[in-house]
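So this one's coords.pdb, PDB, C-alpha atoms:
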```pdb
ATOM      1  CA  MET A   1      64.482 141.810 -42.397
ATOM      2  CA  GLY A   2      62.681 145.160 -42.843
ATOM      3  CA  SER A   3      60.406 146.746 -40.182
ATOM      4  CA  THR A   4      56.779 145.717 -40.128
ATOM      5  CA  GLN A   5      55.619 149.159 -38.668
ATOM      6  CA  PRO A   6      52.544 150.467 -40.532
ATOM      7  CA  ARG A   7      53.077 153.482 -42.798
ATOM      8  CA  GLY A   8      52.292 156.820 -41.032
ATOM      9  CA  GLU A   9      52.613 155.478 -37.499
ATOM     10  CA  LEU A  10      55.302 156.987 -35.238
ATOM     11  CA  PRO A  11      58.009 154.758 -33.896
ATOM     12  CA  THR A  12      57.607 153.611 -30.332
ATOM     13  CA  HIS A  13      60.369 155.801 -28.961
ATOM     14  CA  ALA A  14      58.848 158.873 -30.674
ATOM     15  CA  ARG A  15      55.441 158.190 -29.165
ATOM     16  CA  GLU A  16      56.993 157.963 -25.703
ATOM     17  CA  GLU A  17      58.770 161.284 -26.184
ATOM     18  CA  LEU A  18      55.518 162.931 -27.309
ATOM     19  CA  ARG A  19      53.648 161.635 -24.267
ATOM     20  CA  ALA A  20      56.386 163.014 -21.991
ATOM     21  CA  LEU A  21      56.223 166.389 -23.733
ATOM     22  CA  VAL A  22      52.417 166.594 -23.382
ATOM     23  CA  SER A  23      52.645 165.637 -19.700
ATOM     24  CA  ALA A  24      55.282 168.306 -19.041
ATOM     25  CA  LEU A  25      53.205 170.931 -20.835
ATOM     26  CA  ARG A  26      50.101 169.998 -18.829
ATOM     27  CA  THR A  27      52.075 170.277 -15.579
ATOM     28  CA  ARG A  28      53.455 173.700 -16.589
ATOM     29  CA  LEU A  29      49.990 174.994 -17.396
ATOM     30  CA  GLU A  30      48.627 173.860 -14.038
ATOM     31  CA  VAL A  31      51.484 175.611 -12.220
ATOM     32  CA  GLU A  32      50.893 178.851 -14.148
ATOM     33  CA  ALA A  33      47.178 178.683 -13.366
ATOM     34  CA  ARG A  34      47.916 178.366  -9.638
ATOM     35  CA  ARG A  35      50.302 181.344  -9.734
ATOM     36  CA  GLY A  36      47.869 183.770 -11.390
ATOM     37  CA  PRO A  37      48.577 186.414 -14.048
ATOM     38  CA  SER A  38      51.006 188.435 -11.887
ATOM     39  CA  GLY A  39      53.164 185.422 -11.008
ATOM     40  CA  ALA A  40      51.915 185.423  -7.409
ATOM     41  CA  PRO A  41      50.090 182.401  -6.122
ATOM     42  CA  ALA A  42      46.460 182.618  -7.165
ATOM     43  CA  ARG A  43      43.777 182.568  -4.453
ATOM     44  CA  PRO A  44      41.803 179.357  -4.313
ATOM     45  CA  THR A  45      38.353 179.520  -5.810
ATOM     46  CA  GLN A  46      35.718 180.499  -3.198
ATOM     47  CA  ARG A  47      33.019 177.890  -3.231
ATOM     48  CA  LYS A  48      30.960 179.728  -0.631
ATOM     49  CA  VAL A  49      28.336 181.982  -2.209
ATOM     50  CA  VAL A  50      28.755 185.542  -0.923
ATOM     51  CA  ALA A  51      25.944 188.080  -1.378
ATOM     52  CA  ALA A  52      26.921 190.991  -3.591
ATOM     53  CA  ALA A  53      27.311 194.344  -1.833
ATOM     54  CA  PRO A  54      24.364 196.660  -2.515
ATOM     55  CA  THR A  55      24.967 199.306  -5.113
ATOM     56  CA  PRO A  56      24.328 203.011  -4.320
ATOM     57  CA  LEU A  57      21.255 202.876  -6.556
ATOM     58  CA  ALA A  58      19.876 199.867  -4.685
ATOM     59  CA  GLU A  59      20.501 201.592  -1.356
ATOM     60  CA  ALA A  60      18.713 204.730  -2.561
ATOM     61  CA  GLU A  61      15.744 202.722  -3.797
ATOM     62  CA  ALA A  62      15.517 200.949  -0.439
ATOM     63  CA  ALA A  63      15.644 204.284   1.395
ATOM     64  CA  VAL A  64      12.825 205.695  -0.711
ATOM     65  CA  ALA A  65      10.748 202.561  -0.120
ATOM     66  CA  GLU A  66      11.151 202.991   3.651
ATOM     67  CA  ALA A  67      10.789 206.789   3.695
ATOM     68  CA  PRO A  68       7.749 208.691   4.978
ATOM     69  CA  SER A  69       4.972 209.531   2.544
ATOM     70  CA  TRP A  70       6.210 213.078   1.918
ATOM     71  CA  ALA A  71       9.790 212.040   1.090
ATOM     72  CA  GLY A  72      10.896 212.755  -2.451
ATOM     73  CA  ARG A  73       8.581 215.771  -2.541
ATOM     74  CA  LYS A  74      10.701 218.186  -0.560
ATOM     75  CA  GLY A  75      10.221 221.774  -1.620
ATOM     76  CA  THR A  76       6.967 221.020  -3.438
ATOM     77  CA  PRO A  77       3.343 221.859  -2.610
ATOM     78  CA  GLU A  78       2.646 218.122  -2.516
ATOM     79  CA  GLY A  79       5.053 217.623   0.385
ATOM     80  CA  LEU A  80       3.282 220.169   2.583
ATOM     81  CA  ARG A  81      -0.117 218.977   1.380
ATOM     82  CA  VAL A  82       0.570 215.497   2.731
ATOM     83  CA  VAL A  83       1.470 216.947   6.136
ATOM     84  CA  ARG A  84      -1.670 219.103   6.141
ATOM     85  CA  GLU A  85      -3.853 216.150   5.199
ATOM     86  CA  ASP A  86      -2.338 214.075   7.986
ATOM     87  CA  LEU A  87      -3.018 216.894  10.455
ATOM     88  CA  GLY A  88      -6.660 216.924   9.384
ATOM     89  CA  GLU A  89      -9.227 218.730  11.555
ATOM     90  CA  CYS A  90      -6.994 218.101  14.512
ATOM     91  CA  THR A  91      -8.443 217.176  17.919
ATOM     92  CA  ARG A  92      -5.166 215.962  19.436
ATOM     93  CA  CYS A  93      -5.173 218.523  22.264
ATOM     94  CA  LYS A  94      -7.679 220.695  24.145
ATOM     95  CA  LEU A  95      -7.034 223.785  21.995
ATOM     96  CA  CYS A  96      -9.288 222.328  19.312
ATOM     97  CA  THR A  97     -12.361 223.222  21.374
ATOM     98  CA  GLY A  98     -11.775 226.964  21.225
ATOM     99  CA  ARG A  99     -10.234 227.595  17.822
ATOM    100  CA  LYS A 100     -11.901 229.009  14.742
ATOM    101  CA  ASN A 101      -9.234 227.961  12.269
ATOM    102  CA  ILE A 102      -6.144 225.792  12.196
ATOM    103  CA  VAL A 103      -3.205 228.066  11.335
ATOM    104  CA  PHE A 104      -0.979 225.694   9.403
ATOM    105  CA  GLY A 105       1.567 227.993   7.749
ATOM    106  CA  VAL A 106       2.050 230.165   4.695
ATOM    107  CA  GLY A 107       4.716 230.867   2.102
ATOM    108  CA  ALA A 108       6.875 229.197  -0.519
ATOM    109  CA  PRO A 109       7.030 225.380  -0.293
ATOM    110  CA  ASP A 110      10.684 225.545  -1.346
ATOM    111  CA  ALA A 111      11.613 228.503   0.882
ATOM    112  CA  GLU A 112      15.266 228.897   1.806
ATOM    113  CA  ILE A 113      14.314 230.887   4.928
ATOM    114  CA  MET A 114      11.723 229.796   7.484
ATOM    115  CA  PHE A 115      10.316 231.918  10.328
ATOM    116  CA  ILE A 116       8.855 230.077  13.325
ATOM    117  CA  GLY A 117       6.845 231.840  15.989
ATOM    118  CA  GLU A 118       4.988 230.761  19.103
ATOM    119  CA  ALA A 119       1.260 230.432  18.415
ATOM    120  CA  PRO A 120      -1.591 232.088  16.509
ATOM    121  CA  GLY A 121      -3.270 235.150  17.981
ATOM    122  CA  ARG A 122      -6.810 236.444  17.523
ATOM    123  CA  ASP A 123      -6.276 237.791  13.999
ATOM    124  CA  GLU A 124      -4.510 234.609  12.925
ATOM    125  CA  ASP A 125      -7.283 232.469  14.375
ATOM    126  CA  GLU A 126      -9.843 234.518  12.447
ATOM    127  CA  GLN A 127      -8.019 234.348   9.118
ATOM    128  CA  GLY A 128      -6.256 230.997   9.375
ATOM    129  CA  GLU A 129      -2.878 232.538   8.470
ATOM    130  CA  PRO A 130       0.130 233.199  10.734
ATOM    131  CA  PHE A 131       1.342 236.717  11.525
ATOM    132  CA  VAL A 132      -1.402 238.837  10.012
ATOM    133  CA  GLY A 133      -2.062 241.238  12.919
ATOM    134  CA  ARG A 134       0.095 244.159  14.079
ATOM    135  CA  ALA A 135       2.984 241.838  14.878
ATOM    136  CA  GLY A 136       2.525 240.305  11.454
ATOM    137  CA  HIS A 137       2.812 243.680   9.759
ATOM    138  CA  LEU A 138       6.075 244.304  11.598
ATOM    139  CA  LEU A 139       7.352 240.867  10.597
ATOM    140  CA  THR A 140       6.557 241.700   6.967
ATOM    141  CA  LYS A 141       8.680 244.861   7.274
ATOM    142  CA  MET A 142      11.510 242.843   8.803
ATOM    143  CA  ILE A 143      11.352 240.354   5.949
ATOM    144  CA  GLU A 144      11.320 243.127   3.354
ATOM    145  CA  ALA A 145      14.271 244.830   5.060
ATOM    146  CA  MET A 146      16.197 241.617   4.449
ATOM    147  CA  GLY A 147      15.513 241.945   0.720
ATOM    148  CA  LEU A 148      12.831 239.261   0.737
ATOM    149  CA  SER A 149       9.057 239.032   0.570
ATOM    150  CA  ARG A 150       6.527 236.950   2.476
ATOM    151  CA  GLU A 151       5.986 234.957  -0.706
ATOM    152  CA  GLN A 152       9.665 233.918  -0.744
ATOM    153  CA  VAL A 153       9.852 232.657   2.848
ATOM    154  CA  TYR A 154       7.748 230.254   4.894
ATOM    155  CA  ILE A 155       6.072 231.282   8.166
ATOM    156  CA  ALA A 156       4.716 228.908  10.795
ATOM    157  CA  ASN A 157       4.255 228.542  14.545
ATOM    158  CA  ILE A 158       5.111 225.959  17.172
ATOM    159  CA  ILE A 159       1.412 225.218  17.612
ATOM    160  CA  LYS A 160      -1.388 225.681  15.121
ATOM    161  CA  CYS A 161      -4.370 226.653  17.292
ATOM    162  CA  ARG A 162      -4.809 229.800  19.347
ATOM    163  CA  PRO A 163      -4.404 229.340  23.124
ATOM    164  CA  PRO A 164      -7.068 231.082  25.250
ATOM    165  CA  GLU A 165      -6.238 234.729  25.912
ATOM    166  CA  ASN A 166      -3.011 234.246  23.936
ATOM    167  CA  ARG A 167      -1.372 232.433  26.845
ATOM    168  CA  ALA A 168       1.838 230.457  26.309
ATOM    169  CA  PRO A 169       1.404 226.941  24.876
ATOM    170  CA  GLU A 170       1.323 224.177  27.481
ATOM    171  CA  PRO A 171       3.573 221.078  27.269
ATOM    172  CA  ASP A 172       0.821 218.715  26.135
ATOM    173  CA  GLU A 173      -0.201 221.145  23.387
ATOM    174  CA  VAL A 174       3.376 221.420  22.142
ATOM    175  CA  ALA A 175       3.797 217.644  22.280
ATOM    176  CA  ALA A 176       0.703 217.163  20.115
ATOM    177  CA  CYS A 177       1.642 219.788  17.529
ATOM    178  CA  GLU A 178       5.420 219.893  17.198
ATOM    179  CA  PRO A 179       5.683 216.630  15.205
ATOM    180  CA  PHE A 180       3.754 218.326  12.401
ATOM    181  CA  LEU A 181       6.079 221.331  12.533
ATOM    182  CA  ARG A 182       9.032 218.968  12.229
ATOM    183  CA  ARG A 183       7.424 217.434   9.153
ATOM    184  CA  GLN A 184       6.808 220.880   7.685
ATOM    185  CA  ILE A 185      10.486 221.698   8.111
ATOM    186  CA  ASP A 186      11.421 218.378   6.540
ATOM    187  CA  ALA A 187       9.089 218.963   3.591
ATOM    188  CA  ILE A 188      10.337 222.513   2.984
ATOM    189  CA  SER A 189      14.034 221.835   3.697
ATOM    190  CA  PRO A 190      14.951 225.460   4.499
ATOM    191  CA  ARG A 191      18.583 226.482   4.570
ATOM    192  CA  LEU A 192      18.072 228.817   7.558
ATOM    193  CA  ILE A 193      15.483 229.172  10.336
ATOM    194  CA  ILE A 194      14.690 232.320  12.320
ATOM    195  CA  GLY A 195      13.095 231.602  15.684
ATOM    196  CA  LEU A 196      10.792 234.391  16.850
ATOM    197  CA  GLY A 197      10.592 234.846  20.603
ATOM    198  CA  GLY A 198      11.571 232.963  23.725
ATOM    199  CA  VAL A 199       8.818 230.338  23.730
ATOM    200  CA  ALA A 200       9.452 229.301  20.124
ATOM    201  CA  VAL A 201      13.223 229.169  20.477
ATOM    202  CA  GLN A 202      13.170 227.399  23.849
ATOM    203  CA  THR A 203      10.819 224.797  22.427
ATOM    204  CA  LEU A 204      12.927 224.200  19.330
ATOM    205  CA  LEU A 205      16.252 224.060  21.177
ATOM    206  CA  ARG A 206      14.932 222.199  24.239
ATOM    207  CA  THR A 207      16.329 224.769  26.630
ATOM    208  CA  ARG A 208      15.165 227.059  29.414
ATOM    209  CA  THR A 209      17.729 229.723  28.576
ATOM    210  CA  GLY A 210      16.128 233.093  27.905
ATOM    211  CA  ILE A 211      15.915 234.652  24.464
ATOM    212  CA  THR A 212      18.264 237.498  25.425
ATOM    213  CA  ALA A 213      21.055 234.991  26.086
ATOM    214  CA  LEU A 214      20.222 232.837  23.057
ATOM    215  CA  ARG A 215      19.952 235.534  20.398
ATOM    216  CA  GLY A 216      22.899 236.947  18.505
ATOM    217  CA  ARG A 217      24.430 233.658  17.372
ATOM    218  CA  PHE A 218      23.423 230.647  15.332
ATOM    219  CA  HIS A 219      22.209 227.420  16.894
ATOM    220  CA  VAL A 220      21.179 224.191  15.141
ATOM    221  CA  TYR A 221      17.734 222.584  14.881
ATOM    222  CA  GLN A 222      17.268 219.359  12.895
ATOM    223  CA  GLY A 223      20.552 220.017  11.137
ATOM    224  CA  VAL A 224      19.522 223.537  10.075
ATOM    225  CA  LYS A 225      21.128 226.736  11.318
ATOM    226  CA  LEU A 226      18.712 228.636  13.552
ATOM    227  CA  MET A 227      18.987 232.297  14.546
ATOM    228  CA  PRO A 228      16.956 233.271  17.618
ATOM    229  CA  THR A 229      15.607 236.809  17.786
ATOM    230  CA  PHE A 230      12.848 238.754  19.486
ATOM    231  CA  HIS A 231       9.206 238.201  18.611
ATOM    232  CA  PRO A 232       7.651 241.088  16.622
ATOM    233  CA  ALA A 233       4.962 241.480  19.312
ATOM    234  CA  PHE A 234       7.720 242.071  21.871
ATOM    235  CA  LEU A 235       9.364 244.600  19.566
ATOM    236  CA  LEU A 236       6.078 246.523  19.360
ATOM    237  CA  ARG A 237       6.087 246.777  23.150
ATOM    238  CA  SER A 238       9.835 247.442  23.377
ATOM    239  CA  PRO A 239      10.886 249.408  20.283
ATOM    240  CA  ASN A 240      14.352 249.968  21.784
ATOM    241  CA  MET A 241      15.027 246.270  21.102
ATOM    242  CA  LYS A 242      14.523 246.633  17.360
ATOM    243  CA  LYS A 243      18.201 247.436  16.874
ATOM    244  CA  PRO A 244      19.440 244.179  18.464
ATOM    245  CA  ALA A 245      16.827 242.285  16.427
ATOM    246  CA  TRP A 246      18.140 243.934  13.267
ATOM    247  CA  GLU A 247      21.663 242.837  14.188
ATOM    248  CA  ASP A 248      20.351 239.256  14.351
ATOM    249  CA  LEU A 249      18.782 239.598  10.917
ATOM    250  CA  LYS A 250      22.005 241.073   9.520
ATOM    251  CA  GLN A 251      23.794 237.893  10.582
ATOM    252  CA  VAL A 252      21.177 235.887   8.722
ATOM    253  CA  MET A 253      21.674 238.083   5.650
ATOM    254  CA  ALA A 254      25.437 237.562   5.819
ATOM    255  CA  GLU A 255      24.895 233.809   6.009
ATOM    256  CA  MET A 256      22.533 234.010   3.042
ATOM    257  CA  ASP A 257      25.255 235.750   1.071
ATOM    258  CA  ARG A 258      27.774 233.111   2.129
ATOM    259  CA  LEU A 259      25.431 230.359   0.972
ATOM    260  CA  GLY A 260      24.686 232.180  -2.275
ATOM    261  CA  LEU A 261      20.972 232.583  -1.539
ATOM    262  CA  ALA A 262      19.259 235.141  -3.737
ATOM    263  CA  ARG A 263      17.752 238.321  -2.325
ATOM    264  CA  ASP A 264      17.192 241.897  -3.434
ATOM    265  CA  ARG A 265      20.253 243.756  -2.226
ATOM    266  CA  SER A 266      18.562 247.101  -2.916
ATOM    267  CA  LYS A 267      16.405 246.512   0.181
ATOM    268  CA  ARG A 268      19.236 246.200   2.686
TER
END
```
Please render this file's structure as structure tokens.
Amino acid sequence: MGSTQPRGELPTHAREELRALVSALRTRLEVEARRGPSGAPARPTQRKVVAAAPTPLAEAEAAVAEAPSWAGRKGTPEGLRVVREDLGECTRCKLCTGRKNIVFGVGAPDAEIMFIGEAPGRDEDEQGEPFVGRAGHLLTKMIEAMGLSREQVYIANIIKCRPPENRAPEPDEVAACEPFLRRQIDAISPRLIIGLGGVAVQTLLRTRTGITALRGRFHVYQGVKLMPTFHPAFLLRSPNMKKPAWEDLKQVMAEMDRLGLARDRSKR
């Protein structure tokens, strides 16, 4: 008798072979998936959710969000303006009672070179600008001898009010004023600092070593190279020390050249 199998339907043995083939193929695919594309066993899927590492852009944005109010305005008038506004009509120490003017600083907000002295004198207190008396005139000549101008550099002092009789600043006066100097330096971001005189340099470097021993080589203040040298007022009293001071400035000039900082070489 002929087969009663419907037309188009596979025989039983053929269906069994097809099922076996599909099962073998499924098993092979699962094995390959576990091995990974290189043939090495693939790592199991991590079900634990791991936070993505922050990108450099995200880190930068977070830093700006947490930065002081003058950050992002380095080398701009706005950066220094914020510091000056925060200083206000300062009454943080006793010097406020005898001053005529706060002597904040003067020069280029993006200066590569910054000069830092001790404190304002009588002429500075009168005019509200640092280094404008006889010592200031000598400092201007020193700056010009370096191939620069006062407009290219920035000039400030450790403290911003004149001490009585031009005495040295006292510790509480320095403590009240130096944070604003630090912020000025941060806002300007100079490449080099020249410390003028023992009091200024000792304050910046937190040392009691005398200026004679400190000068002649670079030190570091807030990550910036600092060259100590004699204060112009001292040089007026001791003109024989102008030559060593010039040697200090020549080292600064050589460092400027090494850093590629522009200056008028005709004024060497």
- Query: Contacts of stretch 171-177 of chain A at 8 Å or less, counting all atoms listed in the file, minus same-chain residues fewer than 6 places along, as a ChimeraX atom specification?
  - Reply: /A:92-95,158-160
- Task: Point out the residue among A:Pro179, A:Pro163, A:Pro130, A:Pro228 with the least atom-to-atom distance to A:Leu87, counting only C-alpha atoms.
- Result: A:Pro179
- Task: Would you mind listing what lies within 9 Å of A:Ala262 as a list in words, with all atoms listed in the file counted and same-chain residues fewer than 6 positions away left out?
- Result: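 Once the nearby chain positions are removed, what remains is Gly147, Leu148 and Met256 of chain A.
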- If you apply the PyMOL selection byres ((chain A and resi 234-238) around 12) to this file, what residues do you get, as JSON, numbers by chain? {"A": [117, 118, 133, 134, 135, 136, 137, 138, 139, 142, 196, 197, 198, 199, 211, 229, 230, 231, 232, 233, 239, 240, 241, 242, 243, 244, 245, 246]}
- Query: Around (23.3, 235.7, 22.3) in the file's frame, which residues reach within 12 Å when counting only C-alpha atoms? Return as a VMD selection string?
  - Reply: chain A and resid 209 to 219 227 to 230 244 to 245 247 to 248 251
Any chance you could tabulate, as a tab-separated table, the residues of stretch 174-207 of chain A at most 7 Å from stretch 78-83 of chain A with each one's nearest atom pair and distance in Å to one decimal, using all atoms listed in the file, in chain and rising number order?
```
residue	atom	partner	partner_atom	distance
A:Phe180	CA	A:Val83	CA	6.8
A:Arg183	CA	A:Val83	CA	6.7
A:Gln184	CA	A:Leu80	CA	6.2
A:Ala187	CA	A:Gly79	CA	5.3
```
Can you sort out the box for stretch 194-205 of chain A, edges along x, y and z, all listed atoms in, 4 Å on every side, with centre and edge lengths in Å to one decimal, as lines of an AutoDock Vina configuration file?
```
center_x = 12.5
center_y = 229.5
center_z = 18.1
size_x = 15.4
size_y = 18.8
size_z = 19.5
```
- Atom pair atom CA of A:Arg122 / atom CA of A:Tyr221: separation (Å):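 Value for the atom CA of A:Arg122-atom CA of A:Tyr221 distance: 28.3 Å.
Atom CA of A:Val103 is positioned 24.8 Å from atom CA of A:Leu249.
Using the PyMOL selection byres ((chain A and resi 164) around 12) on the file at hand returns these residues: Lys94, Leu95, Cys96, Thr97, Gly98, Arg99, Lys100, Ala119, Pro120, Gly121, Arg122, Asp125, Cys161, Arg162, Pro163, Glu165, Asn166, Arg167, Ala168, Pro169 and Glu170 of chain A.
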- Expanded to explicit residues, what is the PyMOL selection byres ((chain A and resi 188) around 9) for this file, as an MDAnalysis selection string? chainID A and resid 73:77 79:80 108:112 114 154 183:187 189:190
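Comparing A:Ile116, A:Phe104, A:Thr140, A:Leu192 by their smallest distance to A:Leu204, the closest is A:Ile116 (using all atoms listed in the file).
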- Item | Length of the atom CA of A:Gly105 to atom CA of A:Gly128 vector [Å] |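 These atoms are spaced 8.5 Å apart.
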- Message: I'd like to know which of A:Gly195, A:Arg263, A:Thr91, A:Asp123 is closest to A:Ser149, using all atoms listed in the file.
- Response: A:Arg263
